[in-house]
Structure formats: C-alpha cells, structure tokens
$ cat coords.cif   # mmCIF, C-alpha atoms and all ligand atoms
data_upload
loop_
_atom_site.label_atom_id
_atom_site.label_comp_id
_atom_site.auth_asym_id
_atom_site.auth_seq_id
_atom_site.Cartn_x
_atom_site.Cartn_y
_atom_site.Cartn_z
CA MET X 1 259.70 80.34 171.91
CA SER X 2 258.56 83.84 171.19
CA PHE X 3 259.26 87.48 171.82
CA PRO X 4 261.17 88.77 173.75
CA VAL X 5 263.39 85.66 173.73
CA ASP X 6 263.16 85.23 169.97
CA ARG X 7 263.83 88.25 167.83
CA PRO X 8 263.89 87.35 164.09
CA ARG X 9 265.14 90.88 163.36
CA ARG X 10 268.53 89.91 164.85
CA LEU X 11 269.36 88.08 161.65
CA ARG X 12 268.27 90.99 159.47
CA SER X 13 270.55 93.62 160.96
CA SER X 14 273.19 93.79 158.20
CA GLU X 15 273.56 92.74 154.59
CA LYS X 16 276.42 90.39 155.53
CA LEU X 17 274.19 88.61 158.02
CA ARG X 18 271.15 88.59 155.73
CA SER X 19 273.31 87.13 153.01
CA LEU X 20 274.70 84.48 155.35
CA VAL X 21 271.26 83.15 156.29
CA ARG X 22 269.66 83.53 152.85
CA GLU X 23 267.66 80.44 151.84
CA SER X 24 267.60 80.88 148.05
CA ARG X 25 270.55 82.21 146.09
CA LEU X 26 269.70 83.34 142.62
CA SER X 27 272.46 82.36 140.20
CA THR X 28 273.16 82.88 136.53
CA ALA X 29 274.08 79.17 136.37
CA GLY X 30 270.40 78.16 136.24
CA LEU X 31 269.26 80.55 133.50
CA VAL X 32 268.28 79.79 129.91
CA TYR X 33 267.92 82.59 127.36
CA PRO X 34 265.21 82.15 124.66
CA MET X 35 266.02 83.32 121.11
CA PHE X 36 264.06 83.60 117.84
CA VAL X 37 265.81 82.58 114.62
CA CYS X 38 264.57 83.85 111.25
CA PRO X 39 265.77 83.40 107.62
CA ALA X 40 268.12 85.65 105.58
CA THR X 41 271.15 87.49 106.94
CA LYS X 42 271.78 90.68 108.92
CA VAL X 43 268.20 90.67 110.24
CA ARG X 44 267.73 91.95 113.75
CA LYS X 45 264.18 93.08 114.34
CA GLU X 46 263.12 94.13 117.82
CA LEU X 47 259.69 92.92 118.95
CA SER X 48 257.43 95.82 119.81
CA SER X 49 255.80 93.97 122.70
CA MET X 50 259.10 92.60 124.04
CA PRO X 51 261.69 95.40 124.20
CA GLY X 52 265.23 94.02 124.02
CA ILE X 53 264.16 90.77 122.33
CA TYR X 54 264.71 90.25 118.60
CA GLN X 55 263.86 88.09 115.63
CA GLN X 56 267.30 87.45 114.18
CA SER X 57 268.98 85.73 111.29
CA VAL X 58 271.56 83.06 112.03
CA ASP X 59 274.60 85.41 111.78
CA GLN X 60 273.05 87.78 114.34
CA ILE X 61 272.05 84.89 116.61
CA VAL X 62 275.70 83.86 116.75
CA GLU X 63 276.71 87.41 117.69
CA GLU X 64 274.18 87.57 120.51
CA CYS X 65 275.21 84.08 121.64
CA ARG X 66 278.76 85.44 122.08
CA GLU X 67 277.34 88.05 124.42
CA VAL X 68 275.23 85.45 126.26
CA GLU X 69 278.33 83.30 126.72
CA SER X 70 280.44 86.22 127.95
CA LEU X 71 277.80 87.04 130.57
CA GLY X 72 278.03 83.50 131.95
CA VAL X 73 274.51 82.46 130.95
CA PRO X 74 274.96 78.72 130.32
CA ALA X 75 272.22 77.97 127.80
CA VAL X 76 269.99 79.28 125.05
CA ILE X 77 266.75 77.82 123.72
CA LEU X 78 266.03 78.36 120.03
CA PHE X 79 262.65 78.96 118.37
CA GLY X 80 262.47 78.92 114.58
CA LEU X 81 260.63 81.24 112.19
CA PRO X 82 260.78 79.28 108.94
CA GLU X 83 260.76 80.60 105.38
CA SER X 84 257.58 78.74 104.56
CA LYS X 85 254.71 77.17 106.46
CA ASP X 86 252.51 74.22 105.50
CA PRO X 87 249.74 72.17 107.15
CA GLU X 88 252.18 69.63 108.62
CA GLY X 89 255.08 71.87 109.57
CA LYS X 90 257.40 69.91 107.27
CA SER X 91 259.93 72.74 107.00
CA SER X 92 260.83 72.01 110.63
CA LEU X 93 262.51 68.77 109.46
CA LYS X 94 264.88 70.26 106.91
CA ALA X 95 268.57 69.77 107.59
CA ASP X 96 269.06 73.35 106.38
CA GLY X 97 266.10 74.76 108.32
CA VAL X 98 266.56 77.94 110.36
CA VAL X 99 267.02 76.23 113.71
CA GLN X 100 269.29 73.52 112.30
CA ARG X 101 271.52 76.16 110.66
CA ALA X 102 271.58 78.23 113.84
CA ILE X 103 272.71 75.23 115.90
CA GLU X 104 275.47 74.48 113.41
CA ALA X 105 276.61 78.11 113.35
CA ILE X 106 276.75 78.30 117.15
CA ARG X 107 278.71 75.03 117.17
CA LYS X 108 281.07 76.33 114.49
CA ALA X 109 281.72 79.48 116.53
CA LYS X 110 282.87 77.14 119.32
CA LEU X 111 280.82 78.93 121.93
CA ASP X 112 280.71 77.43 125.37
CA LEU X 113 276.90 77.31 125.44
CA LEU X 114 274.31 74.60 125.81
CA VAL X 115 271.98 74.77 122.84
CA ILE X 116 268.42 73.67 123.60
CA THR X 117 265.79 73.51 120.87
CA ASP X 118 262.08 73.95 121.15
CA VAL X 119 260.37 71.01 119.47
CA CYS X 120 256.88 71.87 118.22
CA LEU X 121 254.91 72.41 115.05
CA CYS X 122 253.09 75.69 115.72
CA GLU X 123 255.86 77.90 114.36
CA TYR X 124 255.93 75.81 111.17
CA THR X 125 252.26 75.09 110.44
CA ASP X 126 250.15 77.48 108.36
CA HIS X 127 247.25 77.02 110.81
CA GLY X 128 249.45 77.76 113.84
CA HIS X 129 248.46 74.70 115.87
CA CYS X 130 251.00 72.47 117.61
CA GLY X 131 249.87 69.35 115.77
CA VAL X 132 248.57 68.19 112.40
CA LEU X 133 244.89 68.51 111.60
CA ASN X 134 242.27 66.01 110.60
CA LYS X 135 238.80 67.45 109.95
CA GLY X 136 239.54 70.46 112.11
CA GLU X 137 240.81 68.38 115.05
CA ILE X 138 244.41 68.21 116.24
CA GLU X 139 245.50 64.64 115.57
CA ASN X 140 247.66 63.34 118.38
CA ASP X 141 249.33 60.20 117.06
CA ALA X 142 250.04 61.50 113.57
CA THR X 143 251.81 64.47 115.17
CA LEU X 144 254.19 62.27 117.17
CA GLU X 145 256.01 61.06 114.08
CA ILE X 146 256.77 64.60 112.85
CA LEU X 147 257.77 65.78 116.32
CA SER X 148 260.21 62.93 116.79
CA ASP X 149 261.69 63.52 113.32
CA GLN X 150 262.08 67.20 114.21
CA ALA X 151 263.85 66.33 117.48
CA LEU X 152 266.12 63.96 115.56
CA SER X 153 267.04 66.64 113.02
CA HIS X 154 267.92 69.03 115.87
CA ALA X 155 270.09 66.36 117.48
CA ARG X 156 271.80 65.70 114.14
CA ALA X 157 272.53 69.43 113.80
CA GLY X 158 274.19 69.35 117.22
CA ALA X 159 271.55 70.31 119.79
CA ASP X 160 272.55 69.52 123.38
CA LEU X 161 268.98 69.08 124.61
CA VAL X 162 265.58 68.92 122.93
CA ALA X 163 262.49 70.42 124.53
CA PRO X 164 259.06 69.32 123.24
CA SER X 165 256.42 71.98 123.95
CA ASP X 166 253.45 70.64 121.97
CA MET X 167 251.55 68.83 124.77
CA MET X 168 250.59 65.86 122.58
CA ASP X 169 250.16 62.65 124.59
CA GLY X 170 253.08 60.26 124.20
CA ARG X 171 255.52 62.70 122.57
CA VAL X 172 258.31 62.22 125.09
CA GLY X 173 258.31 58.46 124.58
CA ALA X 174 258.15 58.82 120.79
CA ILE X 175 261.08 61.28 120.78
CA ARG X 176 263.14 59.14 123.18
CA THR X 177 262.61 56.05 121.03
CA LYS X 178 263.55 57.91 117.85
CA LEU X 179 266.67 59.50 119.35
CA ASP X 180 267.85 56.21 120.82
CA LYS X 181 267.30 54.39 117.55
CA HIS X 182 269.66 56.84 115.85
CA ASN X 183 272.36 56.73 118.52
CA PHE X 184 271.41 59.95 120.26
CA GLU X 185 270.73 58.16 123.53
CA ASN X 186 272.76 60.82 125.37
CA VAL X 187 270.68 63.79 124.22
CA PRO X 188 268.41 64.70 127.17
CA ILE X 189 264.76 65.65 126.85
CA MET X 190 263.49 68.68 128.71
CA ALA X 191 259.73 68.20 128.56
CA TYR X 192 257.24 71.04 128.77
CA SER X 193 255.23 68.73 131.04
CA ALA X 194 252.75 71.09 132.66
CA LYS X 195 252.11 73.65 129.95
CA TYR X 196 248.99 75.64 130.61
CA CYS X 197 246.67 77.25 128.09
CA SER X 198 247.63 80.78 129.08
CA GLY X 199 246.95 84.36 128.09
CA PHE X 200 250.55 85.11 129.09
CA TYR X 201 251.83 83.72 125.77
CA GLY X 202 250.43 86.70 123.81
CA PRO X 203 253.67 88.55 123.00
CA PHE X 204 255.45 85.26 122.13
CA ARG X 205 252.97 84.65 119.33
CA GLU X 206 254.07 87.90 117.75
CA ALA X 207 257.68 86.84 118.27
CA ALA X 208 257.24 83.34 116.85
CA GLN X 209 254.46 84.21 114.42
CA SER X 210 252.58 81.22 115.76
CA ALA X 211 249.10 82.44 116.68
CA PRO X 212 246.49 79.76 115.85
CA GLN X 213 244.52 80.77 112.76
CA PHE X 214 241.33 79.29 114.22
CA GLY X 215 240.18 78.05 117.60
CA ASP X 216 242.51 77.84 120.56
CA ARG X 217 244.86 75.36 122.23
CA ARG X 218 242.53 74.18 124.99
CA SER X 219 242.26 70.66 123.53
CA TYR X 220 245.94 69.99 124.24
CA GLN X 221 247.33 72.57 126.68
CA MET X 222 246.28 72.31 130.32
CA ASP X 223 243.37 74.04 132.02
CA PRO X 224 244.79 76.77 134.31
CA ALA X 225 242.48 75.57 137.10
CA ASN X 226 244.14 72.15 137.39
CA ALA X 227 246.97 71.22 139.73
CA ARG X 228 246.66 67.45 140.26
CA GLU X 229 246.61 66.99 136.51
CA ALA X 230 250.08 68.59 136.36
CA LEU X 231 251.40 65.75 138.52
CA LYS X 232 249.82 63.22 136.17
CA GLU X 233 251.47 64.88 133.14
CA VAL X 234 254.83 64.97 134.93
CA ALA X 235 254.54 61.32 135.96
CA MET X 236 253.72 60.27 132.39
CA ASP X 237 256.62 62.28 130.94
CA LEU X 238 259.03 60.76 133.46
CA GLU X 239 257.81 57.28 132.65
CA GLU X 240 258.38 58.02 128.96
CA GLY X 241 261.93 59.17 129.62
CA ALA X 242 261.93 62.92 130.33
CA ASP X 243 265.18 64.05 131.97
CA ILE X 244 263.95 67.49 133.03
CA VAL X 245 260.33 68.54 133.51
CA MET X 246 258.99 72.03 132.99
CA VAL X 247 256.13 74.15 134.26
CA LYS X 248 254.94 76.96 131.98
CA PRO X 249 254.12 79.81 132.61
CA ALA X 250 255.93 80.49 135.89
CA LEU X 251 254.48 83.39 137.87
CA PRO X 252 250.79 82.39 138.00
CA TYR X 253 251.84 78.75 138.59
CA LEU X 254 254.30 78.92 141.50
CA ASP X 255 252.16 76.41 143.40
CA ILE X 256 252.51 73.97 140.50
CA ILE X 257 256.30 74.41 140.48
CA ARG X 258 256.32 73.58 144.19
CA ILE X 259 254.17 70.44 143.98
CA VAL X 260 256.12 69.20 140.94
CA ARG X 261 259.40 69.82 142.80
CA ASP X 262 258.11 67.86 145.80
CA ALA X 263 256.72 65.03 143.69
CA CYS X 264 259.74 64.06 141.59
CA HIS X 265 263.51 63.66 141.67
CA VAL X 266 264.55 65.23 138.37
CA PRO X 267 265.51 68.86 137.74
CA VAL X 268 262.50 71.17 137.43
CA ALA X 269 262.46 74.06 134.96
CA ALA X 270 260.03 76.96 134.81
CA TYR X 271 259.37 79.24 131.85
CA ASN X 272 259.08 82.91 132.81
CA VAL X 273 257.06 83.60 129.65
CA SER X 274 256.69 86.53 127.27
CA GLY X 275 253.63 88.07 128.94
CA GLU X 276 255.40 88.05 132.30
CA TYR X 277 258.36 89.79 130.67
CA SER X 278 256.28 92.33 128.75
CA MET X 279 254.30 93.39 131.83
CA VAL X 280 257.52 94.14 133.71
CA LYS X 281 258.99 96.02 130.74
CA ALA X 282 255.84 98.10 130.22
CA ALA X 283 255.59 99.07 133.87
CA ALA X 284 259.31 99.86 134.03
CA ARG X 285 259.09 102.06 130.93
CA ASN X 286 256.33 104.01 132.60
CA GLY X 287 258.48 104.48 135.68
CA TRP X 288 255.96 102.60 137.80
CA ILE X 289 258.34 99.94 139.11
CA ASP X 290 262.06 99.45 139.74
CA GLU X 291 262.84 96.93 136.96
CA LYS X 292 265.98 95.42 138.46
CA ARG X 293 264.44 94.96 141.87
CA ILE X 294 261.21 93.46 140.48
CA VAL X 295 262.98 91.06 138.10
CA LEU X 296 265.34 89.76 140.78
CA GLU X 297 262.38 89.31 143.13
CA ILE X 298 260.36 87.46 140.49
CA LEU X 299 263.21 85.10 139.60
CA THR X 300 264.02 84.50 143.26
CA GLY X 301 260.35 83.64 143.78
CA ILE X 302 260.35 81.17 140.90
CA GLN X 303 263.50 79.56 142.23
CA ARG X 304 262.19 79.52 145.82
CA ALA X 305 259.05 77.78 144.53
CA GLY X 306 261.33 74.94 143.42
CA ALA X 307 262.66 75.58 139.92
CA GLU X 308 266.38 74.94 139.47
CA ILE X 309 266.23 76.10 135.86
CA VAL X 310 264.49 79.28 134.71
CA LEU X 311 263.92 80.10 131.05
CA THR X 312 263.71 83.88 130.97
CA TYR X 313 264.02 86.80 128.56
CA HIS X 314 265.59 88.70 131.47
CA ALA X 315 268.58 86.30 131.55
CA LYS X 316 271.17 88.73 130.14
CA ASP X 317 270.08 91.58 132.43
CA VAL X 318 270.04 89.30 135.46
CA ALA X 319 273.53 88.02 134.64
CA ARG X 320 274.78 91.63 134.47
CA TRP X 321 273.09 92.60 137.71
CA LEU X 322 274.38 89.55 139.59
CA LYS X 323 277.91 90.28 138.37
CA SER X 324 278.00 93.88 139.54
ZN ZN I 401 253.48 74.79 119.76
#
$ encode --input "coords.cif" --output "structure tokens" --more "lines below"
Ligand SMILES: [Zn+2]
Amino acid sequence: MSFPVDRPRRLRSSEKLRSLVRESRLSTAGLVYPMFVCPATKVRKELSSMPGIYQQSVDQIVEECREVESLGVPAVILFGLPESKDPEGKSSLKADGVVQRAIEAIRKAKLDLLVITDVCLCEYTDHGHCGVLNKGEIENDATLEILSDQALSHARAGADLVAPSDMMDGRVGAIRTKLDKHNFENVPIMAYSAKYCSGFYGPFREAAQSAPQFGDRRSYQMDPANAREALKEVAMDLEEGADIVMVKPALPYLDIIRIVRDACHVPVAAYNVSGEYSMVKAAARNGWIDEKRIVLEILTGIQRAGAEIVLTYHAKDVARWLKS
C-alpha cells in the first residue's frame, strides 16, 4: 500500500492525534538524578563544566532531595567525595563516610525517594583508578572484596539499590554473595554492565575528583568499538545476579541500548553522562540550540532505543517541563 491510498500525514494533523499514536512516552517515572556528596556542612559548589550541578554537603543534599521528590523524580544516585583518599579507597567503607551519612540523612528526612549508590573505588583512591593496584596494574580479584564491603556498608546505611560501576570481572557476583550473607538479599543490584571507556566522562571527573593520576581506564572499561562484547558483559552480570543492567554513556551508544534491550528480560538503564549534559548546556548558553526541545528529544531517543531507566543531570528540568 502506498500513496495516494496511504497518507502517513493523516496521523500528524493535530497534536491530539499525534499524541494518541505516539510510540514512546517520556515520563518522569523512569528518571534518576545523580548527586555529588562532599564533607562539611553548608557547602554547595556549582561545577563550572556542569551548570546547575553541585558538589554538596549532606545537609544541602537533603534540601535538594526535597526538591527532587516534589518534582516527582523517583530516584537519586549518590557519588561520594571523601575527606581523604588512599591507595585502596578504604574511606569508602566507613559507616560515617560521606555517602553513608547522606543516605541516613535522606532516610531521616523521610523523603519518598529511592536512594541508589554508586559503588566504585575511583572517587576514594589517591590514584583515581577503579581498583587497587599491584605493580602499576589494576588488580581485579583484590578489588572485589573492597567493592562488596562498600556495597554492604551502603546497604547498612539504608540504600535501596547499589550500582557497581567499576567494571571489574566478577563484581556483581561478589556483591550479591556479600549482601545475601548479611541479610540484604532484597537489595537489588543495578550493574553498570556495558560501561565504555569514553571521553564523555570528562566533566564528571571534575565533579567527582576522580581523574586517574596515571594511565587510563582501557584495561577495564570497554572499547567503544565493541558491541557483541556488551552482550557478553550483560550475560555475565545477569548470571551473577544483576537485577538491572546499564549502558553508559547513552547518546553515542543507542545501538548498544537497543541490542541489550532485545537480548535480555530485565530492566535496562542508560546513563546520559556528564559530557552529554555539558555539550547541551554550552550550546544552550550560546543560544545555538533550544535547550528544552533538545533535551526532550535526546531523552526520548534514549528511551526509544530501549532504556526504561535514564540517569540524567537533566532530570529536574525534564520533570518541570513534563509537568507544565
Ligand atoms: Zn570508578
């Protein structure tokens, strides 16, 4: 069937009709807002490369969480900027660490928010790598123990979900085993399964003060050229007990989101990362693009590619725009 019998424009003639036949409906219900927790009190420092995003002390985090809750965004993910760093990221295990205190404060404020925690070492190690070192190499198996202890301490503090982002082999299984052993069998794991070694993380490293002090992350994060390997990573994480799998970054990896969505039966998340956010903000500030229109189009694209959950720094703006 073709023209003149078929006229696709018929269904585009009014907003009511376009809305009726729309295939993807962007919703605040699938958004997660990333936040950076730092020590001290009354600290709220805007990141120069990420306008609108702050490094904040626990008291300020709680205040912004109130706003996040009131906008209907269902979840936040916390990244910690600790007081001190060491070769093994040991400060990430402290019961009174920045992330642990932030979780407790959000819980105490009785906010109706899911609290997800990033589980990794790079924010806590003095060398900035996601694992512990042995003769200049990132040691996989020794890292698993610290990661699973970190996940456990987040669960103890009251985290709803833990999200390992390190890309060590076997971390999901190690964390699952540890959580189960300590009666946290109901805390889900959202695994950064296909995390690519990407230039789009640049602004985040300023935010999380986690730039590697030497070398790069190519020995553990994925090669941007690989797609089949993403399916292997996802399959391994599922076998080890991941409840949600993630693709990161989002925009340059929409094809990966799609093949992961088609290959498995668990919820798929995508991380619309700092570089993706900063590019939009910079162009918008220059008046080169319509920020609202571009952001809604980007998030619709990520969702259309197959992600039910999108971690995005635009979450609060999107919630406001979808409300009005
Ligand atoms: Zn890391």
$ residues_near_ligand --input "coords.cif" --ligand "ligand ZN 401 (chain I)" --cutoff "12 Å" --atoms "all atoms listed in the file" --output "PyMOL selection string"
chain X and resi 79-80+89+118-125+127-132+138+143+147+163-168+192+195-197+201+204-205+208-212+216-217+220-221
$ closest_residue --input "coords.cif" --among "X:Ala109, X:Met50, X:Cys38, X:Ile146" --to "Pro87 of chain X" --atoms "all atoms listed in the file"
X:Ile146
$ residues_near_point --input "coords.cif" --point "(257.4, 63.8, 138.6)" --cutoff "6 Å" --atoms "all atoms listed in the file" --output "number ranges by chain"
X: 234-235, 263-264
$ residues_around --input "coords.cif" --residues "Asn183 of chain X" --least-positions-apart "5" --cutoff "12 Å" --atoms "only C-alpha atoms" --output "PyMOL selection string"
chain X and resi 152+155-156+176-178
$ closest_residue --input "coords.cif" --among "X:His154, X:Val68, X:Gln56, X:Asp86" --to "Arg101 of chain X" --atoms "all atoms listed in the file"
X:His154
$ closest_residue --input "coords.cif" --among "X:Val172, X:Val32, X:Val21, X:Ile294" --to "Ala242 of chain X" --atoms "all atoms listed in the file"
X:Val172
$ residues_around --input "coords.cif" --residues "Leu238 of chain X" --least-positions-apart "4" --cutoff "10 Å" --atoms "only C-alpha atoms" --output "list in words"
Val172, Gly173, Ala191, Ser193, Lys232, Glu233, Val234, Ala242, Asp243, Ile244, Val245, Cys264, His265 and Val266 of chain X
$ residues_around --input "coords.cif" --residues "Ala159 of chain X" --least-positions-apart "6" --cutoff "9 Å" --atoms "all atoms listed in the file" --output "PDB file with C-alpha atoms, in the coordinates of the input"
ATOM      1  CA  GLN X 100     269.290  73.520 112.300  1.00  0.00           C
ATOM      2  CA  ILE X 103     272.710  75.230 115.900  1.00  0.00           C
ATOM      3  CA  GLU X 104     275.470  74.480 113.410  1.00  0.00           C
ATOM      4  CA  ARG X 107     278.710  75.030 117.170  1.00  0.00           C
ATOM      5  CA  LEU X 114     274.310  74.600 125.810  1.00  0.00           C
ATOM      6  CA  VAL X 115     271.980  74.770 122.840  1.00  0.00           C
ATOM      7  CA  ILE X 116     268.420  73.670 123.600  1.00  0.00           C
ATOM      8  CA  THR X 117     265.790  73.510 120.870  1.00  0.00           C
ATOM      9  CA  ALA X 151     263.850  66.330 117.480  1.00  0.00           C
ATOM     10  CA  SER X 153     267.040  66.640 113.020  1.00  0.00           C
ATOM     11  CA  VAL X 187     270.680  63.790 124.220  1.00  0.00           C
TER      12      VAL X 187
END
$ closest_residue --input "coords.cif" --among "X:Pro82, X:Pro252, X:Arg258, X:Glu206" --to "Leu231 of chain X" --atoms "all atoms listed in the file"
X:Arg258
$ atom_distance --input "coords.cif" --atom1 "atom CA of Gly158 of chain X" --atom2 "atom CA of Ala40 of chain X"
20.9 Å
$ closest_residue --input "coords.cif" --among "X:Ser84, X:Gln55, X:Ser70, X:Asn140" --to "Ala319 of chain X" --atoms "all atoms listed in the file"
X:Ser70
$ closest_atom_pairs --input "coords.cif" --of "segment 217-236 of chain X" --to "segment 254-257 of chain X" --cutoff "9 Å" --atoms "all atoms listed in the file" --output "JSON lines"
{"residue": "X:Ala227", "atom": "CA", "partner": "X:Ile256", "partner_atom": "CA", "distance": 6.2}
{"residue": "X:Arg228", "atom": "CA", "partner": "X:Ile256", "partner_atom": "CA", "distance": 8.8}
{"residue": "X:Ala230", "atom": "CA", "partner": "X:Ile256", "partner_atom": "CA", "distance": 7.2}
{"residue": "X:Leu231", "atom": "CA", "partner": "X:Ile256", "partner_atom": "CA", "distance": 8.5}
$ atom_distance --input "coords.cif" --atom1 "atom CA of Ala307 of chain X" --atom2 "atom CA of Arg261 of chain X"
7.2 Å
$ residues_around --input "coords.cif" --residues "Ala315 of chain X" --least-positions-apart "2" --cutoff "8 Å" --atoms "only C-alpha atoms" --output "short mmCIF file (atom, residue, chain, number, x, y, z; two decimals) with C-alpha atoms, in the coordinates of the input"
data_model
loop_
_atom_site.label_atom_id
_atom_site.label_comp_id
_atom_site.auth_asym_id
_atom_site.auth_seq_id
_atom_site.Cartn_x
_atom_site.Cartn_y
_atom_site.Cartn_z
CA THR X 28 273.16 82.88 136.53
CA LEU X 31 269.26 80.55 133.50
CA VAL X 32 268.28 79.79 129.91
CA TYR X 33 267.92 82.59 127.36
CA VAL X 73 274.51 82.46 130.95
CA LEU X 311 263.92 80.10 131.05
CA THR X 312 263.71 83.88 130.97
CA TYR X 313 264.02 86.80 128.56
CA ASP X 317 270.08 91.58 132.43
CA VAL X 318 270.04 89.30 135.46
CA ALA X 319 273.53 88.02 134.64
#
$ atom_distance --input "coords.cif" --atom1 "atom CA of Met35 of chain X" --atom2 "atom CA of Leu161 of chain X"
15.0 Å
